[in-house]
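Engineer: Contents of run-v5.pdb (PDB, C-alpha atoms and all ligand atoms) are given next:
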```
ATOM      1  CA  MET V   1       0.000   0.000   0.000
ATOM      2  CA  ASN V   2       1.535   3.320  -1.048
ATOM      3  CA  PRO V   3       1.286   6.606   0.893
ATOM      4  CA  GLN V   4      -1.340   7.929  -1.490
ATOM      5  CA  GLN V   5      -3.609   4.946  -0.857
ATOM      6  CA  VAL V   6      -3.107   5.388   2.896
ATOM      7  CA  SER V   7      -4.149   9.050   2.586
ATOM      8  CA  GLU V   8      -7.160   8.238   0.428
ATOM      9  CA  LEU V   9      -8.458   5.641   2.852
ATOM     10  CA  ALA V  10      -7.920   7.916   5.859
ATOM     11  CA  ALA V  11      -9.836  10.687   4.063
ATOM     12  CA  TYR V  12     -12.623   8.232   3.147
ATOM     13  CA  ILE V  13     -13.070   7.290   6.822
ATOM     14  CA  LEU V  14     -12.715  10.834   8.152
ATOM     15  CA  GLN V  15     -15.363  12.128   5.781
ATOM     16  CA  ALA V  16     -17.809   9.440   6.896
ATOM     17  CA  GLN V  17     -17.084  10.376  10.487
ATOM     18  CA  ASP V  18     -17.549  14.097   9.811
ATOM     19  CA  GLU V  19     -20.699  13.725   7.769
ATOM     20  CA  LYS V  20     -22.179  10.852   9.788
ATOM     21  CA  TYR V  21     -22.786   8.218   7.188
ATOM     22  CA  GLU V  22     -21.946   4.528   6.968
ATOM     23  CA  ILE V  23     -19.327   3.303   4.540
ATOM     24  CA  ARG V  24     -18.403  -0.156   3.276
ATOM     25  CA  LYS V  25     -15.585  -1.677   5.252
ATOM     26  CA  LEU V  26     -12.187  -1.399   3.580
ATOM     27  CA  THR V  27     -11.740  -5.163   3.350
ATOM     28  CA  ALA V  28     -15.099  -5.631   1.592
ATOM     29  CA  GLU V  29     -13.983  -4.672  -1.908
ATOM     30  CA  LYS V  30     -10.714  -3.062  -2.876
ATOM     31  CA  TYR V  31      -8.550  -4.081   0.060
ATOM     32  CA  PRO V  32      -9.447  -7.628   1.154
ATOM     33  CA  ASP V  33      -5.823  -8.239   2.147
ATOM     34  CA  LEU V  34      -5.346  -5.106   4.235
ATOM     35  CA  THR V  35      -2.833  -5.936   6.991
ATOM     36  CA  ILE V  36      -2.788  -4.830  10.620
ATOM     37  CA  ASP V  37       0.366  -2.771   9.987
ATOM     38  CA  GLU V  38      -1.233  -0.989   7.021
ATOM     39  CA  ALA V  39      -4.334  -0.369   9.120
ATOM     40  CA  TYR V  40      -2.275   1.379  11.822
ATOM     41  CA  LEU V  41      -0.711   3.532   9.079
ATOM     42  CA  ILE V  42      -4.202   4.609   8.011
ATOM     43  CA  GLN V  43      -5.094   5.310  11.654
ATOM     44  CA  GLU V  44      -1.935   7.400  12.005
ATOM     45  CA  GLN V  45      -2.785   9.367   8.870
ATOM     46  CA  LEU V  46      -6.318   9.964  10.172
ATOM     47  CA  MET V  47      -4.770  11.255  13.375
ATOM     48  CA  LYS V  48      -2.492  13.654  11.461
ATOM     49  CA  MET V  49      -5.465  14.970   9.517
ATOM     50  CA  ARG V  50      -7.354  15.659  12.750
ATOM     51  CA  LEU V  51      -4.360  17.356  14.333
ATOM     52  CA  ALA V  52      -3.850  19.465  11.199
ATOM     53  CA  ARG V  53      -7.295  20.965  11.607
ATOM     54  CA  GLY V  54      -6.754  21.916  15.210
ATOM     55  CA  ASP V  55      -8.044  18.891  17.090
ATOM     56  CA  ALA V  56      -5.855  17.460  19.873
ATOM     57  CA  ILE V  57      -5.280  14.048  21.399
ATOM     58  CA  LEU V  58      -6.846  13.622  24.811
ATOM     59  CA  GLY V  59      -5.350  10.188  25.364
ATOM     60  CA  PRO V  60      -4.962   6.667  23.999
ATOM     61  CA  LYS V  61      -7.537   3.916  24.347
ATOM     62  CA  MET V  62      -7.420   0.174  24.284
ATOM     63  CA  GLY V  63     -10.228  -1.749  22.638
ATOM     64  CA  LEU V  64     -11.367  -5.342  22.334
ATOM     65  CA  THR V  65      -9.723  -6.213  25.653
ATOM     66  CA  SER V  66     -12.586  -8.301  27.056
ATOM     67  CA  TYR V  67     -14.032 -11.606  25.936
ATOM     68  CA  ALA V  68     -17.492  -9.977  25.870
ATOM     69  CA  LYS V  69     -16.294  -7.440  23.293
ATOM     70  CA  LEU V  70     -14.284  -9.914  21.193
ATOM     71  CA  LYS V  71     -17.279 -12.219  21.017
ATOM     72  CA  GLN V  72     -19.740  -9.437  20.212
ATOM     73  CA  MET V  73     -17.581  -8.035  17.399
ATOM     74  CA  HIS V  74     -16.317 -11.409  16.051
ATOM     75  CA  VAL V  75     -12.666 -10.400  16.298
ATOM     76  CA  THR V  76      -9.621 -11.856  18.024
ATOM     77  CA  ASP V  77      -7.193  -9.373  19.596
ATOM     78  CA  PRO V  78      -6.869  -6.127  21.542
ATOM     79  CA  ILE V  79      -6.191  -2.954  19.539
ATOM     80  CA  TYR V  80      -5.415   0.673  20.341
ATOM     81  CA  GLY V  81      -6.592   4.042  19.108
ATOM     82  CA  TYR V  82      -6.926   7.636  20.307
ATOM     83  CA  ILE V  83      -9.607   9.764  21.930
ATOM     84  CA  PHE V  84      -9.562  13.341  20.636
ATOM     85  CA  LYS V  85     -10.543  16.535  22.376
ATOM     86  CA  SER V  86     -13.450  16.930  19.951
ATOM     87  CA  MET V  87     -14.848  13.618  21.263
ATOM     88  CA  HIS V  88     -15.028  14.700  24.880
ATOM     89  CA  VAL V  89     -18.546  14.564  26.319
ATOM     90  CA  PRO V  90     -18.808  16.376  29.672
ATOM     91  CA  GLU V  91     -20.241  14.230  32.439
ATOM     92  CA  GLY V  92     -23.973  14.758  32.905
ATOM     93  CA  SER V  93     -24.351  16.499  29.539
ATOM     94  CA  THR V  94     -26.713  15.763  26.674
ATOM     95  CA  ILE V  95     -25.585  14.571  23.253
ATOM     96  CA  MET V  96     -27.456  14.806  19.945
ATOM     97  CA  LEU V  97     -27.943  11.522  18.140
ATOM     98  CA  THR V  98     -27.526  13.380  14.842
ATOM     99  CA  ASN V  99     -23.831  13.846  15.704
ATOM    100  CA  TYR V 100     -23.364  10.082  15.411
ATOM    101  CA  ILE V 101     -24.121   7.256  12.958
ATOM    102  CA  HIS V 102     -25.225   4.301  15.132
ATOM    103  CA  PRO V 103     -23.599   4.872  18.539
ATOM    104  CA  LYS V 104     -23.146   2.320  21.304
ATOM    105  CA  VAL V 105     -21.880   2.693  24.864
ATOM    106  CA  GLU V 106     -19.575   0.648  27.047
ATOM    107  CA  PRO V 107     -18.396   0.942  30.650
ATOM    108  CA  GLU V 108     -14.642   1.372  31.063
ATOM    109  CA  ILE V 109     -12.017   2.026  33.711
ATOM    110  CA  GLY V 110      -9.769   4.986  32.951
ATOM    111  CA  PHE V 111      -6.163   5.389  34.066
ATOM    112  CA  ILE V 112      -4.025   8.475  34.591
ATOM    113  CA  LEU V 113      -0.313   7.820  34.966
ATOM    114  CA  LYS V 114       2.172   9.741  37.062
ATOM    115  CA  ASN V 115       5.116   8.227  35.161
ATOM    116  CA  GLU V 116       5.361   7.366  31.481
ATOM    117  CA  LEU V 117       5.399   3.693  30.530
ATOM    118  CA  LYS V 118       7.891   2.241  28.148
ATOM    119  CA  GLY V 119       7.548  -1.291  26.804
ATOM    120  CA  PRO V 120       8.344  -3.977  25.882
ATOM    121  CA  ASN V 121       7.881  -6.414  28.769
ATOM    122  CA  MET V 122       5.750  -3.975  30.742
ATOM    123  CA  THR V 123       3.844  -5.757  33.517
ATOM    124  CA  LYS V 124       0.604  -5.020  35.335
ATOM    125  CA  GLU V 125       2.596  -4.448  38.541
ATOM    126  CA  GLN V 126       4.714  -1.792  36.820
ATOM    127  CA  VAL V 127       1.548  -0.174  35.456
ATOM    128  CA  LEU V 128       0.000   0.011  38.927
ATOM    129  CA  GLU V 129       3.190   1.512  40.314
ATOM    130  CA  ALA V 130       3.125   4.180  37.589
ATOM    131  CA  THR V 131      -0.611   4.931  38.000
ATOM    132  CA  GLU V 132      -1.728   8.105  39.735
ATOM    133  CA  TYR V 133      -5.504   7.580  39.545
ATOM    134  CA  VAL V 134      -8.210   5.432  38.064
ATOM    135  CA  PHE V 135     -11.609   6.872  37.144
ATOM    136  CA  PRO V 136     -14.968   5.608  35.851
ATOM    137  CA  ALA V 137     -15.837   6.214  32.208
ATOM    138  CA  ILE V 138     -18.313   5.537  29.442
ATOM    139  CA  GLU V 139     -16.977   5.227  25.925
ATOM    140  CA  ILE V 140     -19.263   6.061  23.008
ATOM    141  CA  ILE V 141     -18.206   3.978  20.011
ATOM    142  CA  ASP V 142     -19.566   4.575  16.525
ATOM    143  CA  SER V 143     -18.012   2.418  13.819
ATOM    144  CA  ARG V 144     -18.069   4.175  10.502
ATOM    145  CA  PHE V 145     -18.723   0.813   8.824
ATOM    146  CA  GLU V 146     -22.102  -0.512   7.727
ATOM    147  CA  ASN V 147     -23.932  -2.462  10.405
ATOM    148  CA  PHE V 148     -21.017  -1.996  12.843
ATOM    149  CA  ASP V 149     -19.426  -4.889  10.968
ATOM    150  CA  PHE V 150     -15.649  -5.002  10.497
ATOM    151  CA  THR V 151     -12.488  -7.099  10.526
ATOM    152  CA  MET V 152      -9.471  -6.293  12.718
ATOM    153  CA  PRO V 153      -7.711  -4.157  10.062
ATOM    154  CA  ASP V 154     -10.934  -2.235   9.317
ATOM    155  CA  VAL V 155     -11.578  -1.262  12.928
ATOM    156  CA  ILE V 156      -7.923  -0.296  13.487
ATOM    157  CA  ALA V 157      -7.993   1.983  10.429
ATOM    158  CA  ASP V 158     -11.220   3.503  11.791
ATOM    159  CA  ASN V 159      -9.410   4.546  14.987
ATOM    160  CA  THR V 160     -11.121   1.737  16.914
ATOM    161  CA  SER V 161     -14.614   3.230  16.414
ATOM    162  CA  ALA V 162     -13.662   6.064  18.807
ATOM    163  CA  SER V 163     -16.355   8.682  18.894
ATOM    164  CA  GLY V 164     -17.005   9.929  22.421
ATOM    165  CA  ALA V 165     -15.743   9.647  25.977
ATOM    166  CA  VAL V 166     -17.594  10.568  29.146
ATOM    167  CA  MET V 167     -15.155  10.647  32.019
ATOM    168  CA  GLY V 168     -16.287  10.560  35.622
ATOM    169  CA  THR V 169     -14.921  12.962  38.178
ATOM    170  CA  THR V 170     -14.219  10.330  40.853
ATOM    171  CA  MET V 171     -10.460   9.784  41.059
ATOM    172  CA  ARG V 172      -9.136   6.905  43.160
ATOM    173  CA  LYS V 173      -5.671   5.608  43.865
ATOM    174  CA  ALA V 174      -5.370   2.358  41.912
ATOM    175  CA  THR V 175      -3.760   0.663  44.902
ATOM    176  CA  SER V 176      -6.763   1.498  47.112
ATOM    177  CA  LEU V 177      -9.086  -0.667  44.971
ATOM    178  CA  ASP V 178      -9.304  -4.277  43.924
ATOM    179  CA  LEU V 179      -9.463  -3.750  40.181
ATOM    180  CA  GLU V 180     -10.046  -7.459  39.550
ATOM    181  CA  THR V 181     -13.173  -7.965  41.581
ATOM    182  CA  ILE V 182     -14.572  -4.457  41.150
ATOM    183  CA  GLY V 183     -18.123  -4.726  39.827
ATOM    184  CA  VAL V 184     -19.800  -2.559  37.205
ATOM    185  CA  TYR V 185     -23.209  -2.277  35.590
ATOM    186  CA  LEU V 186     -24.631  -0.048  32.901
ATOM    187  CA  THR V 187     -28.208   1.172  32.882
ATOM    188  CA  ILE V 188     -30.355   2.808  30.234
ATOM    189  CA  ASN V 189     -33.352   4.647  31.597
ATOM    190  CA  GLY V 190     -32.827   2.889  34.906
ATOM    191  CA  LYS V 191     -32.826  -0.622  33.435
ATOM    192  CA  VAL V 192     -29.701  -2.735  33.847
ATOM    193  CA  LYS V 193     -28.351  -3.596  30.395
ATOM    194  CA  THR V 194     -24.904  -5.105  31.030
ATOM    195  CA  ILE V 195     -22.907  -6.177  34.072
ATOM    196  CA  GLY V 196     -19.235  -6.990  34.483
ATOM    197  CA  ALA V 197     -16.171  -6.946  36.692
ATOM    198  CA  GLY V 198     -12.662  -5.590  36.365
ATOM    199  CA  ALA V 199     -11.196  -9.003  35.594
ATOM    200  CA  ALA V 200     -13.223  -9.036  32.358
ATOM    201  CA  VAL V 201     -10.458  -6.885  30.848
ATOM    202  CA  LEU V 202      -7.481  -9.212  30.285
ATOM    203  CA  GLY V 203      -7.761 -10.553  33.845
ATOM    204  CA  HIS V 204      -6.996  -7.089  35.261
ATOM    205  CA  PRO V 205      -7.522  -3.672  33.584
ATOM    206  CA  ALA V 206      -3.875  -2.732  34.253
ATOM    207  CA  GLU V 207      -2.953  -5.542  31.837
ATOM    208  CA  ALA V 208      -4.590  -3.493  29.074
ATOM    209  CA  ILE V 209      -2.332  -0.537  29.852
ATOM    210  CA  ALA V 210       0.703  -2.853  29.896
ATOM    211  CA  ALA V 211      -0.391  -4.236  26.505
ATOM    212  CA  LEU V 212      -0.698  -0.658  25.195
ATOM    213  CA  ALA V 213       2.844   0.159  26.328
ATOM    214  CA  ASN V 214       4.117  -3.038  24.728
ATOM    215  CA  MET V 215       2.361  -2.367  21.413
ATOM    216  CA  LEU V 216       3.527   1.269  21.308
ATOM    217  CA  ALA V 217       7.091   0.125  22.043
ATOM    218  CA  GLU V 218       7.150  -1.555  18.635
ATOM    219  CA  LYS V 219       6.920   1.936  17.155
ATOM    220  CA  GLY V 220       9.387   3.399  19.647
ATOM    221  CA  GLU V 221       6.581   5.244  21.450
ATOM    222  CA  VAL V 222       5.675   5.459  25.143
ATOM    223  CA  VAL V 223       2.433   5.803  27.096
ATOM    224  CA  GLU V 224       2.584   9.327  28.417
ATOM    225  CA  ALA V 225       1.903  10.470  31.966
ATOM    226  CA  GLY V 226      -1.016  12.809  32.695
ATOM    227  CA  GLN V 227      -3.356  11.720  29.896
ATOM    228  CA  PRO V 228      -6.628   9.868  30.439
ATOM    229  CA  ILE V 229      -6.303   6.319  29.070
ATOM    230  CA  LEU V 230      -9.267   4.019  28.499
ATOM    231  CA  SER V 231      -8.592   0.341  29.211
ATOM    232  CA  GLY V 232     -11.424  -1.136  27.117
ATOM    233  CA  GLY V 233     -15.067  -2.107  27.472
ATOM    234  CA  LEU V 234     -15.762  -4.316  30.495
ATOM    235  CA  THR V 235     -18.964  -5.646  28.922
ATOM    236  CA  ALA V 236     -20.501  -5.901  25.456
ATOM    237  CA  ALA V 237     -21.544  -2.535  24.003
ATOM    238  CA  THR V 238     -25.173  -1.333  24.117
ATOM    239  CA  THR V 239     -27.005   0.650  21.424
ATOM    240  CA  ILE V 240     -28.436   4.002  22.523
ATOM    241  CA  ALA V 241     -31.470   5.925  21.280
ATOM    242  CA  LYS V 242     -33.166   9.313  21.482
ATOM    243  CA  GLY V 243     -34.221  10.346  24.957
ATOM    244  CA  ASP V 244     -32.002   7.820  26.749
ATOM    245  CA  HIS V 245     -30.349   8.360  30.113
ATOM    246  CA  ILE V 246     -27.161   6.282  30.240
ATOM    247  CA  ALA V 247     -25.388   5.583  33.521
ATOM    248  CA  VAL V 248     -22.562   3.361  34.688
ATOM    249  CA  TYR V 249     -22.088   2.357  38.341
ATOM    250  CA  PHE V 250     -18.911   0.922  39.789
ATOM    251  CA  GLY V 251     -18.266  -0.814  43.109
ATOM    252  CA  GLU V 252     -15.300  -0.092  45.417
ATOM    253  CA  ASN V 253     -16.307   3.594  45.673
ATOM    254  CA  LEU V 254     -15.194   4.261  42.112
ATOM    255  CA  GLY V 255     -18.481   6.073  41.627
ATOM    256  CA  SER V 256     -20.712   6.530  38.613
ATOM    257  CA  VAL V 257     -20.915   8.417  35.320
ATOM    258  CA  GLU V 258     -23.948   9.501  33.348
ATOM    259  CA  PHE V 259     -25.077  11.379  30.262
ATOM    260  CA  PHE V 260     -28.213  11.909  28.229
ATOM    261  CA  VAL V 261     -29.338  11.653  24.623
ATOM    262  CA  ALA V 262     -31.584  14.495  23.482
ATOM    263  CA  ASN V 263     -35.132  13.723  22.411
TER     264      ASN V 263
HETATM  265  C1  LIG M 301     -14.185  -1.373  18.458
HETATM  266  C2  LIG M 301     -13.772  -0.580  19.663
HETATM  267  C3  LIG M 301     -13.659  -1.438  20.870
HETATM  268  C4  LIG M 301     -13.529  -1.495  23.389
HETATM  269  O1  LIG M 301     -13.526  -0.889  24.450
HETATM  270  O2  LIG M 301     -13.525  -2.724  23.318
HETATM  271  C5  LIG M 301     -13.533  -0.688  22.143
HETATM  272  C6  LIG M 301     -15.664  -1.624  18.422
HETATM  273  O3  LIG M 301     -16.160  -2.467  19.172
HETATM  274  O4  LIG M 301     -16.340  -0.967  17.609
HETATM  275  O5  LIG M 301     -13.477   0.499  22.236
HETATM  276 MG    MG M 302     -13.966   1.112  24.276
END
```
Would it be possible to restate this file's structure as structure tokens?
Structural biologist:
Amino acid sequence: MNPQQVSELAAYILQAQDEKYEIRKLTAEKYPDLTIDEAYLIQEQLMKMRLARGDAILGPKMGLTSYAKLKQMHVTDPIYGYIFKSMHVPEGSTIMLTNYIHPKVEPEIGFILKNELKGPNMTKEQVLEATEYVFPAIEIIDSRFENFDFTMPDVIADNTSASGAVMGTTMRKATSLDLETIGVYLTINGKVKTIGAGAAVLGHPAEAIAALANMLAEKGEVVEAGQPILSGGLTAATTIAKGDHIAVYFGENLGSVEFFVAN
């Protein structure tokens, strides 16, 4: 794949994201053999295009880190992408469905590091040592592909369906919680839709941050301190609709997060 093809595909995805319409997945027609490495090049190009127009990176995210997510999306491995400033949804605020294509929500545990993390061979223990706080979050994902259907390279090129992040204001020391047994449930209009526990994410959510550091190390990059990092959906994702009130509740005093969808 040459640089011009990478740019064309990034522009194709970005336009769908900007104008809120579904596109055919890249592997459906012209690029059935798209590789994971090529897909990350497209993601990187997409990122450059966003930065060039004044957007900024809020922090990295891991995706497809739980069995529930892998099974729901029919894929096999964790991936990473980036949450941008333009995707930030203030806690308790109301979003417009027209700003999305077919959004879904998932409960996540966020991390903020006090020290940068440099792979390879990063361990969960090293992640916990480097963690300043964990916080509760809801990610809004919105695949640009028809029917939310994609292969691994497609979803990587599409910046892991990143579309919105609602970050809770509760900040806890990671070492003060049991992040394996911590429970979580997500409600829509007061009805419980999904339930999970911290261990759903790679056995321990800090493993997702270690995996991020180890993947970034292949490119000579680090996980920076001070940025919010999402460790991946703890449960399958849930579709949202007009008028919904979405809330996520964590155990261990990690608190809750909520937002609304306008009518
Ligand atoms: C890909 C993004 C996955 C997560 O937390 O697992 C993700 C998708 O499911 O569309 O963000
Ligand atoms: Mg997610």
Engineer: Could you report the residues within 9 Å of ligand LIG 301 (chain M), using all atoms listed in the file, as a ChimeraX atom specification?
Structural biologist: /V:61-66,68-70,72-73,78-81,104,106-108,139-144,148-150,152,155-156,158-162,230-237
Engineer: Residues of the last selection are to be written out with C-alpha atoms, as a CSV table (one decimal), in the frame of the given file.
Structural biologist:
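The file below, out_14.csv, is the result:
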```
chain,number,residue,atom,x,y,z
V,61,LYS,CA,-7.5,3.9,24.3
V,62,MET,CA,-7.4,0.2,24.3
V,63,GLY,CA,-10.2,-1.7,22.6
V,64,LEU,CA,-11.4,-5.3,22.3
V,65,THR,CA,-9.7,-6.2,25.7
V,66,SER,CA,-12.6,-8.3,27.1
V,68,ALA,CA,-17.5,-10.0,25.9
V,69,LYS,CA,-16.3,-7.4,23.3
V,70,LEU,CA,-14.3,-9.9,21.2
V,72,GLN,CA,-19.7,-9.4,20.2
V,73,MET,CA,-17.6,-8.0,17.4
V,78,PRO,CA,-6.9,-6.1,21.5
V,79,ILE,CA,-6.2,-3.0,19.5
V,80,TYR,CA,-5.4,0.7,20.3
V,81,GLY,CA,-6.6,4.0,19.1
V,104,LYS,CA,-23.1,2.3,21.3
V,106,GLU,CA,-19.6,0.6,27.0
V,107,PRO,CA,-18.4,0.9,30.6
V,108,GLU,CA,-14.6,1.4,31.1
V,139,GLU,CA,-17.0,5.2,25.9
V,140,ILE,CA,-19.3,6.1,23.0
V,141,ILE,CA,-18.2,4.0,20.0
V,142,ASP,CA,-19.6,4.6,16.5
V,143,SER,CA,-18.0,2.4,13.8
V,144,ARG,CA,-18.1,4.2,10.5
V,148,PHE,CA,-21.0,-2.0,12.8
V,149,ASP,CA,-19.4,-4.9,11.0
V,150,PHE,CA,-15.6,-5.0,10.5
V,152,MET,CA,-9.5,-6.3,12.7
V,155,VAL,CA,-11.6,-1.3,12.9
V,156,ILE,CA,-7.9,-0.3,13.5
V,158,ASP,CA,-11.2,3.5,11.8
V,159,ASN,CA,-9.4,4.5,15.0
V,160,THR,CA,-11.1,1.7,16.9
V,161,SER,CA,-14.6,3.2,16.4
V,162,ALA,CA,-13.7,6.1,18.8
V,230,LEU,CA,-9.3,4.0,28.5
V,231,SER,CA,-8.6,0.3,29.2
V,232,GLY,CA,-11.4,-1.1,27.1
V,233,GLY,CA,-15.1,-2.1,27.5
V,234,LEU,CA,-15.8,-4.3,30.5
V,235,THR,CA,-19.0,-5.6,28.9
V,236,ALA,CA,-20.5,-5.9,25.5
V,237,ALA,CA,-21.5,-2.5,24.0
```
Engineer: With the PyMOL selection byres (((chain V and resi 47) around 10) and not hetatm) as the selection, what would be picked from this file? Answer as a PyMOL selection string, please.
Structural biologist: chain V and resi 10+14+41-46+48-52+55-57+81-84+159
Engineer: Report the residues retrieved by the PyMOL selection byres (((chain V and resi 87) around 7) and not hetatm) from the displayed file, expressed as a CSV table (one decimal) with C-alpha atoms, in the frame of the given file.
Structural biologist:
```csv
chain,number,residue,atom,x,y,z
V,83,ILE,CA,-9.6,9.8,21.9
V,84,PHE,CA,-9.6,13.3,20.6
V,85,LYS,CA,-10.5,16.5,22.4
V,86,SER,CA,-13.4,16.9,20.0
V,88,HIS,CA,-15.0,14.7,24.9
V,89,VAL,CA,-18.5,14.6,26.3
V,163,SER,CA,-16.4,8.7,18.9
V,164,GLY,CA,-17.0,9.9,22.4
V,165,ALA,CA,-15.7,9.6,26.0
```
Engineer: Evaluate the PyMOL selection byres (((chain V and resi 24) around 12) and not hetatm) here and jot the selected residues down as a PyMOL selection string.
Structural biologist: chain V and resi 9+12-13+16+21-23+25-32+143-151+154-155+158
Engineer: Those same residues, written as a PDB file, in the coordinates of the input with C-alpha atoms?
Structural biologist:
```pdb
ATOM      1  CA  LEU V   9      -8.458   5.641   2.852  1.00  0.00           C
ATOM      2  CA  TYR V  12     -12.623   8.232   3.147  1.00  0.00           C
ATOM      3  CA  ILE V  13     -13.070   7.290   6.822  1.00  0.00           C
ATOM      4  CA  ALA V  16     -17.809   9.440   6.896  1.00  0.00           C
ATOM      5  CA  TYR V  21     -22.786   8.218   7.188  1.00  0.00           C
ATOM      6  CA  GLU V  22     -21.946   4.528   6.968  1.00  0.00           C
ATOM      7  CA  ILE V  23     -19.327   3.303   4.540  1.00  0.00           C
ATOM      8  CA  LYS V  25     -15.585  -1.677   5.252  1.00  0.00           C
ATOM      9  CA  LEU V  26     -12.187  -1.399   3.580  1.00  0.00           C
ATOM     10  CA  THR V  27     -11.740  -5.163   3.350  1.00  0.00           C
ATOM     11  CA  ALA V  28     -15.099  -5.631   1.592  1.00  0.00           C
ATOM     12  CA  GLU V  29     -13.983  -4.672  -1.908  1.00  0.00           C
ATOM     13  CA  LYS V  30     -10.714  -3.062  -2.876  1.00  0.00           C
ATOM     14  CA  TYR V  31      -8.550  -4.081   0.060  1.00  0.00           C
ATOM     15  CA  PRO V  32      -9.447  -7.628   1.154  1.00  0.00           C
ATOM     16  CA  SER V 143     -18.012   2.418  13.819  1.00  0.00           C
ATOM     17  CA  ARG V 144     -18.069   4.175  10.502  1.00  0.00           C
ATOM     18  CA  PHE V 145     -18.723   0.813   8.824  1.00  0.00           C
ATOM     19  CA  GLU V 146     -22.102  -0.512   7.727  1.00  0.00           C
ATOM     20  CA  ASN V 147     -23.932  -2.462  10.405  1.00  0.00           C
ATOM     21  CA  PHE V 148     -21.017  -1.996  12.843  1.00  0.00           C
ATOM     22  CA  ASP V 149     -19.426  -4.889  10.968  1.00  0.00           C
ATOM     23  CA  PHE V 150     -15.649  -5.002  10.497  1.00  0.00           C
ATOM     24  CA  THR V 151     -12.488  -7.099  10.526  1.00  0.00           C
ATOM     25  CA  ASP V 154     -10.934  -2.235   9.317  1.00  0.00           C
ATOM     26  CA  VAL V 155     -11.578  -1.262  12.928  1.00  0.00           C
ATOM     27  CA  ASP V 158     -11.220   3.503  11.791  1.00  0.00           C
TER      28      ASP V 158
END
```
Engineer: For CA of Ile95 (chain V) and CA of Ile240 (chain V), determine how far apart the two atoms are, in Å to one decimal place.
Structural biologist: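 One can read the CA of Ile95 (chain V) to CA of Ile240 (chain V) distance as 11.0 Å.
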Engineer: Tell me which of V:Leu254, V:Val248, V:Ala137, V:Leu113 sits closest to Val166 (chain V), counting only C-alpha atoms.
Structural biologist: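 Closest residue, counting only C-alpha atoms: V:Ala137.
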Engineer: So which residues fall inside 8 Å of (-5.6, 4.9, 33.8) if we count all atoms listed in the file? Mind giving them as a list of chain:residue names?
Structural biologist: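 Output of the proximity query reads V:Ile109, V:Gly110, V:Phe111, V:Ile112, V:Leu113, V:Thr131, V:Glu132, V:Tyr133, V:Val134, V:Phe135, V:Ala206, V:Ile209, V:Pro228, V:Ile229, V:Leu230, V:Ser231.
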Engineer: Would you work out the distance separating CA of Pro60 (chain V) from CA of Met122 (chain V), expressed in Å to one decimal?
Structural biologist: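 A separation of 16.5 Å between them.
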Engineer: Quick one: axis-aligned box around all listed atoms of region 118-123 of chain V, 5 Å on every side, centre and edge lengths in Å to one decimal, written as JSON.
Structural biologist:
```
{"center_x": 6.1, "center_y": -2.1, "center_z": 29.7, "size_x": 14.5, "size_y": 18.7, "size_z": 17.6}
```
Engineer: Within 9 Å of Leu179 (chain V), counting all atoms listed in the file, which residues qualify if same-chain residues fewer than 6 places away don't, as an mmCIF file with C-alpha atoms, in the frame of the given file?
Structural biologist:
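See result.cif below for the written result:
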```
data_model
loop_
_atom_site.group_PDB
_atom_site.id
_atom_site.type_symbol
_atom_site.label_atom_id
_atom_site.label_comp_id
_atom_site.auth_asym_id
_atom_site.auth_seq_id
_atom_site.Cartn_x
_atom_site.Cartn_y
_atom_site.Cartn_z
ATOM 1 C CA ALA V 197 -16.171 -6.946 36.692
ATOM 2 C CA GLY V 198 -12.662 -5.590 36.365
ATOM 3 C CA ALA V 199 -11.196 -9.003 35.594
ATOM 4 C CA HIS V 204 -6.996 -7.089 35.261
ATOM 5 C CA PRO V 205 -7.522 -3.672 33.584
ATOM 6 C CA ALA V 206 -3.875 -2.732 34.253
ATOM 7 C CA GLU V 252 -15.300 -0.092 45.417
#
```
Engineer: With distances taken over only C-alpha atoms and all ligand atoms, which of V:His245, V:Val192, V:Ala208, V:Ile138 is nearest to ligand MG 302 (chain M)?
Structural biologist: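 Closest to ligand MG 302 (chain M), using only C-alpha atoms and all ligand atoms: V:Ile138.
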Engineer: Here is a test: counting only C-alpha atoms, which residue of V:Ala210, V:Ala174, V:Ala225, V:Val201 is nearest to Asn253 (chain V)?
Structural biologist: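 Residue with the minimum atom-to-atom distance to Asn253 (chain V): V:Ala174.
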Engineer: What is the CA of Asn99 (chain V)-CA of Lys242 (chain V) distance in Å, reported with one decimal?
Structural biologist: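 Calculated distance between CA of Asn99 (chain V) and CA of Lys242 (chain V) is 11.9 Å.
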Engineer: So which residues touch Gly190 (chain V) within 12 Å, counting all atoms listed in the file, skipping near sequence neighbours fewer than 4 positions away, as a PDB file with C-alpha atoms, keeping the file's coordinate frame?
Structural biologist:
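In the end it all went to selection-v6.pdb:
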```pdb
ATOM      1  CA  TYR V 185     -23.209  -2.277  35.590  1.00  0.00           C
ATOM      2  CA  LEU V 186     -24.631  -0.048  32.901  1.00  0.00           C
ATOM      3  CA  THR V 194     -24.904  -5.105  31.030  1.00  0.00           C
ATOM      4  CA  ASP V 244     -32.002   7.820  26.749  1.00  0.00           C
ATOM      5  CA  HIS V 245     -30.349   8.360  30.113  1.00  0.00           C
ATOM      6  CA  ILE V 246     -27.161   6.282  30.240  1.00  0.00           C
ATOM      7  CA  ALA V 247     -25.388   5.583  33.521  1.00  0.00           C
ATOM      8  CA  VAL V 248     -22.562   3.361  34.688  1.00  0.00           C
ATOM      9  CA  TYR V 249     -22.088   2.357  38.341  1.00  0.00           C
ATOM     10  CA  GLU V 258     -23.948   9.501  33.348  1.00  0.00           C
TER      11      GLU V 258
END
```
Engineer: Name all residues at most 12 Å from Ala217 (chain V) (count all atoms listed in the file; drop same-chain ones fewer than 3 positions away) and give them as an MDAnalysis selection string.
Structural biologist: chainID V and resid 117:122 210:214 220:223
Engineer: Counting all atoms listed in the file, which residue out of V:Thr175, V:Thr169, V:Thr181, V:Gln17 sits closest to Ile101 (chain V)?
Structural biologist: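 Closest to Ile101 (chain V), using all atoms listed in the file: V:Gln17.
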